[in-house]
Amino acid sequence: LWGRGETASGTKPMETNHVGAFILIPPFYLALGAIIGWRVVDCTLGCSAWASSAPSISFFTANIQREGYMMLFMTLTLTALIFFKRIDKMARRRYDAAKGDAHPWSRSSLVGEWLMRCGFVLTTITGIMPSLASNCHLQPASRYERCWEEEMSNPHGAGVAAGIFLTFCGYQLRAIGPIAMHSGVEGASAYAYYTLVVSELAFLCMLVFFACWLHFLYAGGPNPRTVDVCLLHTTQSACTGEDLPPQQQRWADQRPGGWQCRWDPDTDYYRYPCTRHDCDAGGRLEGNKYSVIFE
């Protein structure tokens with residue numbers, strides 16, 4: 001914060017003050033929001049809004065706006081790198097403070113640090129798994145198919161949630177240990193207790209947002225199949241399914257609900273010419289928008 005250079009301080013500013021590294025994170029999330037946000041929440045788009053397709057940022061960035069996926073990848077990996085460096089510094093401080101003392105709280109802090117590392121690894125790896133659209137289960141069950149896209153998408157949500165949970169549990173062990181160890185001897189500082197309480201409140205707020213996101217996410221139903229991502233069909237033949245082989249057309253037409261896309265020849269440049277004919281059935285469009293906002 002003092003802005004002293006490496007020559008004056010003898011150390012690199014980014015290594016002595018982790019706040020400088022954390023400042024790099026919010027611009028990436030703002031850029032991600034700018035890339036995908038307006039096409040999701042703009043109420044004037046109607047069925048041309050991306051929320052008509054799915055209630056998930058991962059789905060948008062993997063199938064509709066690939067630039068958003070690159071930004072998501074960079075954001076997750078950069079955040080993990082910053083936090084890994086921070087955890088390593090915490091571990092060095094704990095080791096120097098212990099000086100060989102095998103206190104039980106020191107061991108719990110060690111476990112907490114590794115839980116945080118495992119949580120960050122799990123969140124990052126599963127978070128960058130693309131949630132790809134597919135035509136899985138569109139053909140008869142008697143025909144063989146391996147839904148590779150589903151195999152990639154299924155671990156995504158569970159892995160991110162589990163990674164965040166492991167990280168928070170590790171933080172509890174790492175934060176509570178030193179406070180409990182020093183409170184009975186010399187008294188832990190009020191700032192330490194304040195930090196712990198604020199982090200607990202922040203995590204409770206995160207749980208509320210997470211619960212709201214899950215509510216709207218599951219209310220929106222499963223992600224659409226590739227043939228039903230109507231916004232990606234740029235020609236009338238693709239929008240109406242005429243460019244599909246005859247057998248695939250029959251499978252798509254004979255399922256419950258039939259063909260999902262419709263072509264509007266009078267659309268303007270601001271909207272997509274191919275959209276879902278029932279995009280707002282049961283308030284799905286509005287629910288999907290709220291799902292993305294809470295996510």
# chains A, B, ... in the order shown; residues from 1 in each chain; ligands from 1

$ residues_around --residues "Ile293 (chain A)" --least-positions-apart "6" --cutoff "12 Å" --atoms "only C-alpha atoms" --output "list of chain:residue names"
A:Gly33, A:Ile36, A:Gly37, A:Trp38, A:Val40, A:Val41, A:Ala51, A:Pro55, A:Ser56, A:Ile57, A:Phe209, A:Phe210, A:Cys212, A:Trp213, A:Leu214, A:Phe216, A:Leu217, A:Glu286, A:Gly287

$ write_last_selection --atoms "N, CA, C and O atoms" --output "PDB file, in the first residue's frame"
ATOM      1  N   GLY A  33     -18.719 -10.705 -17.131  1.00  0.00           N
ATOM      2  CA  GLY A  33     -20.091 -10.223 -17.093  1.00  0.00           C
ATOM      3  C   GLY A  33     -20.431  -9.346 -18.281  1.00  0.00           C
ATOM      4  O   GLY A  33     -21.542  -9.409 -18.814  1.00  0.00           O
ATOM      5  N   ILE A  36     -21.034 -11.633 -21.544  1.00  0.00           N
ATOM      6  CA  ILE A  36     -22.236 -12.460 -21.675  1.00  0.00           C
ATOM      7  C   ILE A  36     -23.476 -11.829 -21.058  1.00  0.00           C
ATOM      8  O   ILE A  36     -24.589 -12.239 -21.365  1.00  0.00           O
ATOM      9  N   GLY A  37     -23.299 -10.830 -20.177  1.00  0.00           N
ATOM     10  CA  GLY A  37     -24.428 -10.362 -19.378  1.00  0.00           C
ATOM     11  C   GLY A  37     -25.554  -9.736 -20.168  1.00  0.00           C
ATOM     12  O   GLY A  37     -26.726 -10.082 -19.979  1.00  0.00           O
ATOM     13  N   TRP A  38     -25.213  -8.839 -21.079  1.00  0.00           N
ATOM     14  CA  TRP A  38     -26.295  -8.077 -21.717  1.00  0.00           C
ATOM     15  C   TRP A  38     -27.167  -8.962 -22.596  1.00  0.00           C
ATOM     16  O   TRP A  38     -28.380  -8.745 -22.720  1.00  0.00           O
ATOM     17  N   VAL A  40     -28.063 -11.843 -21.887  1.00  0.00           N
ATOM     18  CA  VAL A  40     -28.854 -12.707 -21.017  1.00  0.00           C
ATOM     19  C   VAL A  40     -29.999 -11.944 -20.368  1.00  0.00           C
ATOM     20  O   VAL A  40     -31.138 -12.403 -20.346  1.00  0.00           O
ATOM     21  N   VAL A  41     -29.701 -10.765 -19.825  1.00  0.00           N
ATOM     22  CA  VAL A  41     -30.672 -10.062 -18.987  1.00  0.00           C
ATOM     23  C   VAL A  41     -31.435  -8.976 -19.726  1.00  0.00           C
ATOM     24  O   VAL A  41     -32.332  -8.373 -19.146  1.00  0.00           O
ATOM     25  N   ALA A  51     -30.798 -16.546 -22.424  1.00  0.00           N
ATOM     26  CA  ALA A  51     -31.491 -17.259 -21.348  1.00  0.00           C
ATOM     27  C   ALA A  51     -32.604 -18.152 -21.872  1.00  0.00           C
ATOM     28  O   ALA A  51     -33.097 -19.014 -21.143  1.00  0.00           O
ATOM     29  N   PRO A  55     -30.081 -22.121 -18.355  1.00  0.00           N
ATOM     30  CA  PRO A  55     -29.928 -21.272 -17.173  1.00  0.00           C
ATOM     31  C   PRO A  55     -28.512 -21.292 -16.603  1.00  0.00           C
ATOM     32  O   PRO A  55     -28.326 -21.126 -15.411  1.00  0.00           O
ATOM     33  N   SER A  56     -27.491 -21.498 -17.440  1.00  0.00           N
ATOM     34  CA  SER A  56     -26.145 -21.725 -16.921  1.00  0.00           C
ATOM     35  C   SER A  56     -25.123 -20.916 -17.702  1.00  0.00           C
ATOM     36  O   SER A  56     -25.120 -20.919 -18.946  1.00  0.00           O
ATOM     37  N   ILE A  57     -24.238 -20.226 -16.976  1.00  0.00           N
ATOM     38  CA  ILE A  57     -23.133 -19.510 -17.608  1.00  0.00           C
ATOM     39  C   ILE A  57     -22.221 -20.484 -18.335  1.00  0.00           C
ATOM     40  O   ILE A  57     -21.708 -20.192 -19.424  1.00  0.00           O
ATOM     41  N   PHE A 209     -27.040 -17.251  -1.881  1.00  0.00           N
ATOM     42  CA  PHE A 209     -26.986 -17.094  -3.332  1.00  0.00           C
ATOM     43  C   PHE A 209     -26.928 -18.456  -4.018  1.00  0.00           C
ATOM     44  O   PHE A 209     -27.547 -18.666  -5.060  1.00  0.00           O
ATOM     45  N   PHE A 210     -26.178 -19.378  -3.429  1.00  0.00           N
ATOM     46  CA  PHE A 210     -26.042 -20.710  -4.010  1.00  0.00           C
ATOM     47  C   PHE A 210     -27.388 -21.424  -4.019  1.00  0.00           C
ATOM     48  O   PHE A 210     -27.752 -22.077  -5.010  1.00  0.00           O
ATOM     49  N   CYS A 212     -30.385 -20.002  -4.018  1.00  0.00           N
ATOM     50  CA  CYS A 212     -31.243 -19.351  -5.019  1.00  0.00           C
ATOM     51  C   CYS A 212     -30.874 -19.783  -6.423  1.00  0.00           C
ATOM     52  O   CYS A 212     -31.746 -20.027  -7.276  1.00  0.00           O
ATOM     53  N   TRP A 213     -29.572 -19.903  -6.671  1.00  0.00           N
ATOM     54  CA  TRP A 213     -29.134 -20.342  -7.997  1.00  0.00           C
ATOM     55  C   TRP A 213     -29.619 -21.759  -8.286  1.00  0.00           C
ATOM     56  O   TRP A 213     -30.119 -22.044  -9.375  1.00  0.00           O
ATOM     57  N   LEU A 214     -29.486 -22.667  -7.304  1.00  0.00           N
ATOM     58  CA  LEU A 214     -29.933 -24.038  -7.509  1.00  0.00           C
ATOM     59  C   LEU A 214     -31.432 -24.107  -7.772  1.00  0.00           C
ATOM     60  O   LEU A 214     -31.911 -24.904  -8.589  1.00  0.00           O
ATOM     61  N   PHE A 216     -33.435 -21.813  -9.225  1.00  0.00           N
ATOM     62  CA  PHE A 216     -33.748 -21.408 -10.594  1.00  0.00           C
ATOM     63  C   PHE A 216     -33.093 -22.333 -11.613  1.00  0.00           C
ATOM     64  O   PHE A 216     -33.630 -22.531 -12.711  1.00  0.00           O
ATOM     65  N   LEU A 217     -31.927 -22.894 -11.260  1.00  0.00           N
ATOM     66  CA  LEU A 217     -31.238 -23.783 -12.185  1.00  0.00           C
ATOM     67  C   LEU A 217     -32.060 -25.036 -12.458  1.00  0.00           C
ATOM     68  O   LEU A 217     -32.277 -25.424 -13.620  1.00  0.00           O
ATOM     69  N   GLU A 286     -37.660 -15.981 -17.786  1.00  0.00           N
ATOM     70  CA  GLU A 286     -37.367 -15.139 -16.626  1.00  0.00           C
ATOM     71  C   GLU A 286     -36.588 -15.926 -15.572  1.00  0.00           C
ATOM     72  O   GLU A 286     -35.650 -15.403 -14.949  1.00  0.00           O
ATOM     73  N   GLY A 287     -36.969 -17.190 -15.350  1.00  0.00           N
ATOM     74  CA  GLY A 287     -36.249 -18.003 -14.379  1.00  0.00           C
ATOM     75  C   GLY A 287     -34.800 -18.234 -14.754  1.00  0.00           C
ATOM     76  O   GLY A 287     -33.909 -18.204 -13.899  1.00  0.00           O
TER      77      GLY A 287
END

$ residues_around --residues "region 123-134 of chain A" --least-positions-apart "3" --cutoff "6 Å" --atoms "only C-alpha atoms" --output "CSV table (one decimal) with N, CA, C and O atoms, in the first residue's frame"
chain,number,residue,atom,x,y,z
A,58,SER,N,-22.0,-21.6,-17.7
A,58,SER,CA,-21.1,-22.6,-18.4
A,58,SER,C,-21.6,-23.0,-19.7
A,58,SER,O,-20.9,-23.3,-20.7
A,59,PHE,N,-23.0,-23.2,-19.9
A,59,PHE,CA,-23.5,-23.6,-21.1
A,59,PHE,C,-23.4,-22.4,-22.2
A,59,PHE,O,-23.0,-22.7,-23.3
A,62,ALA,N,-19.7,-22.2,-23.3
A,62,ALA,CA,-19.2,-23.4,-24.0
A,62,ALA,C,-19.8,-23.5,-25.4
A,62,ALA,O,-19.2,-24.2,-26.3
A,73,PHE,N,-11.9,-19.4,-18.3
A,73,PHE,CA,-10.7,-20.2,-18.1
A,73,PHE,C,-9.6,-19.4,-17.4
A,73,PHE,O,-9.0,-19.8,-16.5
A,76,LEU,N,-10.5,-18.4,-13.7
A,76,LEU,CA,-10.4,-19.5,-12.7
A,76,LEU,C,-8.9,-19.9,-12.5
A,76,LEU,O,-8.5,-20.1,-11.3
A,120,PHE,N,-9.3,-25.9,-4.1
A,120,PHE,CA,-9.0,-25.0,-5.3
A,120,PHE,C,-8.8,-25.8,-6.5
A,120,PHE,O,-9.2,-25.5,-7.6
A,149,GLU,N,-20.3,-35.7,-24.1
A,149,GLU,CA,-20.6,-34.4,-23.6
A,149,GLU,C,-21.2,-34.5,-22.2
A,149,GLU,O,-20.9,-33.6,-21.4
A,153,SER,N,-20.0,-32.9,-18.7
A,153,SER,CA,-20.8,-31.9,-18.0
A,153,SER,C,-21.2,-32.3,-16.6
A,153,SER,O,-21.4,-31.4,-15.7
A,156,HIS,N,-19.2,-31.2,-13.6
A,156,HIS,CA,-18.9,-29.8,-13.5
A,156,HIS,C,-19.6,-29.2,-12.3
A,156,HIS,O,-18.9,-28.6,-11.4
A,159,GLY,N,-18.5,-30.8,-8.9
A,159,GLY,CA,-17.1,-30.6,-8.6
A,159,GLY,C,-16.9,-29.2,-8.0
A,159,GLY,O,-16.1,-29.0,-7.1
A,160,VAL,N,-17.5,-28.2,-8.7
A,160,VAL,CA,-17.4,-26.8,-8.2
A,160,VAL,C,-17.9,-26.7,-6.8
A,160,VAL,O,-17.3,-26.1,-5.9
A,163,GLY,N,-15.6,-28.4,-4.3
A,163,GLY,CA,-14.4,-27.7,-4.1
A,163,GLY,C,-14.5,-26.5,-3.2
A,163,GLY,O,-13.7,-26.2,-2.4
A,225,ARG,N,-30.7,-29.9,-26.1
A,225,ARG,CA,-29.9,-30.6,-27.0
A,225,ARG,C,-29.3,-29.7,-28.1
A,225,ARG,O,-29.8,-28.6,-28.3
A,226,THR,N,-28.4,-30.2,-28.8
A,226,THR,CA,-27.7,-29.3,-29.8
A,226,THR,C,-28.7,-28.8,-30.9
A,226,THR,O,-28.7,-27.7,-31.3

$ residues_around --residues "Arg94 (chain A)" --least-positions-apart "4" --cutoff "10 Å" --atoms "only C-alpha atoms" --output "NGL selection string"
:A and (88-90 or 98-99 or 106 or 109-110 or 174 or 178)

$ select_by_dssp --residues "region 135-202 of chain A" --states "helix (DSSP H, G or I)" --output "number ranges by chain"
A: 148-183, 190-202

$ write_last_selection --atoms "C-alpha atoms" --output "mmCIF file, in the first residue's frame"
data_model
loop_
_atom_site.group_PDB
_atom_site.id
_atom_site.type_symbol
_atom_site.label_atom_id
_atom_site.label_comp_id
_atom_site.auth_asym_id
_atom_site.auth_seq_id
_atom_site.Cartn_x
_atom_site.Cartn_y
_atom_site.Cartn_z
ATOM 1 C CA TRP A 148 -19.106 -37.836 -24.118
ATOM 2 C CA GLU A 149 -20.624 -34.381 -23.627
ATOM 3 C CA GLU A 150 -22.626 -35.620 -20.643
ATOM 4 C CA GLU A 151 -19.543 -37.252 -19.172
ATOM 5 C CA MET A 152 -17.844 -33.861 -19.302
ATOM 6 C CA SER A 153 -20.805 -31.861 -17.989
ATOM 7 C CA ASN A 154 -21.959 -34.031 -15.082
ATOM 8 C CA PRO A 155 -18.860 -33.515 -12.856
ATOM 9 C CA HIS A 156 -18.940 -29.781 -13.512
ATOM 10 C CA GLY A 157 -21.565 -28.594 -11.025
ATOM 11 C CA ALA A 158 -20.837 -31.185 -8.348
ATOM 12 C CA GLY A 159 -17.088 -30.579 -8.555
ATOM 13 C CA VAL A 160 -17.377 -26.819 -8.187
ATOM 14 C CA ALA A 161 -19.704 -27.128 -5.186
ATOM 15 C CA ALA A 162 -17.512 -29.769 -3.523
ATOM 16 C CA GLY A 163 -14.382 -27.719 -4.149
ATOM 17 C CA ILE A 164 -15.864 -24.626 -2.532
ATOM 18 C CA PHE A 165 -17.015 -26.694 0.454
ATOM 19 C CA LEU A 166 -13.559 -28.267 0.937
ATOM 20 C CA THR A 167 -11.915 -24.862 0.691
ATOM 21 C CA PHE A 168 -14.185 -23.387 3.328
ATOM 22 C CA CYS A 169 -13.670 -26.339 5.686
ATOM 23 C CA GLY A 170 -9.924 -26.002 5.240
ATOM 24 C CA TYR A 171 -10.128 -22.307 5.969
ATOM 25 C CA GLN A 172 -11.985 -23.037 9.202
ATOM 26 C CA LEU A 173 -9.235 -25.376 10.400
ATOM 27 C CA ARG A 174 -6.520 -22.958 9.351
ATOM 28 C CA ALA A 175 -8.133 -19.882 10.905
ATOM 29 C CA ILE A 176 -9.518 -21.328 14.125
ATOM 30 C CA GLY A 177 -6.316 -23.171 15.024
ATOM 31 C CA PRO A 178 -4.050 -20.163 15.660
ATOM 32 C CA ILE A 179 -6.845 -18.234 17.400
ATOM 33 C CA ALA A 180 -7.540 -21.102 19.803
ATOM 34 C CA MET A 181 -3.829 -21.718 20.390
ATOM 35 C CA HIS A 182 -3.069 -18.124 21.379
ATOM 36 C CA SER A 183 -6.307 -17.181 23.124
ATOM 37 C CA ALA A 190 -9.790 -8.761 18.298
ATOM 38 C CA TYR A 191 -8.976 -8.411 14.615
ATOM 39 C CA ALA A 192 -8.529 -12.190 14.325
ATOM 40 C CA TYR A 193 -11.995 -12.844 15.781
ATOM 41 C CA TYR A 194 -13.460 -10.098 13.616
ATOM 42 C CA THR A 195 -11.957 -11.657 10.493
ATOM 43 C CA LEU A 196 -13.368 -15.059 11.367
ATOM 44 C CA VAL A 197 -16.856 -13.699 12.065
ATOM 45 C CA VAL A 198 -16.925 -11.679 8.839
ATOM 46 C CA SER A 199 -15.811 -14.702 6.836
ATOM 47 C CA GLU A 200 -18.599 -16.788 8.394
ATOM 48 C CA LEU A 201 -21.186 -14.164 7.486
ATOM 49 C CA ALA A 202 -19.796 -13.925 3.951
#

$ residues_around --residues "region 270-282 of chain A" --least-positions-apart "5" --cutoff "9 Å" --atoms "only C-alpha atoms" --output "JSON, numbers by chain"
{"A": [45, 46, 47, 48, 49, 51, 52, 53, 228, 229, 230, 231, 232, 233, 234, 235, 236, 239, 240, 260, 261, 262, 263, 264, 265]}

$ atom_distance --atom1 "CA of Arg39 (chain A)" --atom2 "CA of Gly258 (chain A)"
26.7 Å

$ closest_residue --among "A:Ser189, A:Val227, A:Leu78, A:Tyr290" --to "Trp259 (chain A)" --atoms "only C-alpha atoms"
A:Val227

$ closest_atom_pairs --of "region 46-122 of chain A" --to "region 22-28 of chain A" --cutoff "9 Å" --atoms "only C-alpha atoms" --output "tab-separated table"
residue	atom	partner	partner_atom	distance
A:Met71	CA	A:Phe28	CA	7.1
A:Leu72	CA	A:Phe28	CA	8.2
A:Met74	CA	A:Phe28	CA	8.0
A:Thr75	CA	A:Phe28	CA	5.8
A:Leu78	CA	A:Ile25	CA	7.6
A:Thr79	CA	A:Ile25	CA	6.5
A:Ile82	CA	A:Phe22	CA	7.2
A:Phe83	CA	A:Phe22	CA	8.7

$ select_by_dssp --residues "region 192-275 of chain A" --states "strand (DSSP E or B)" --output "VMD selection string"
chain A and resid 261 to 263 274 to 275
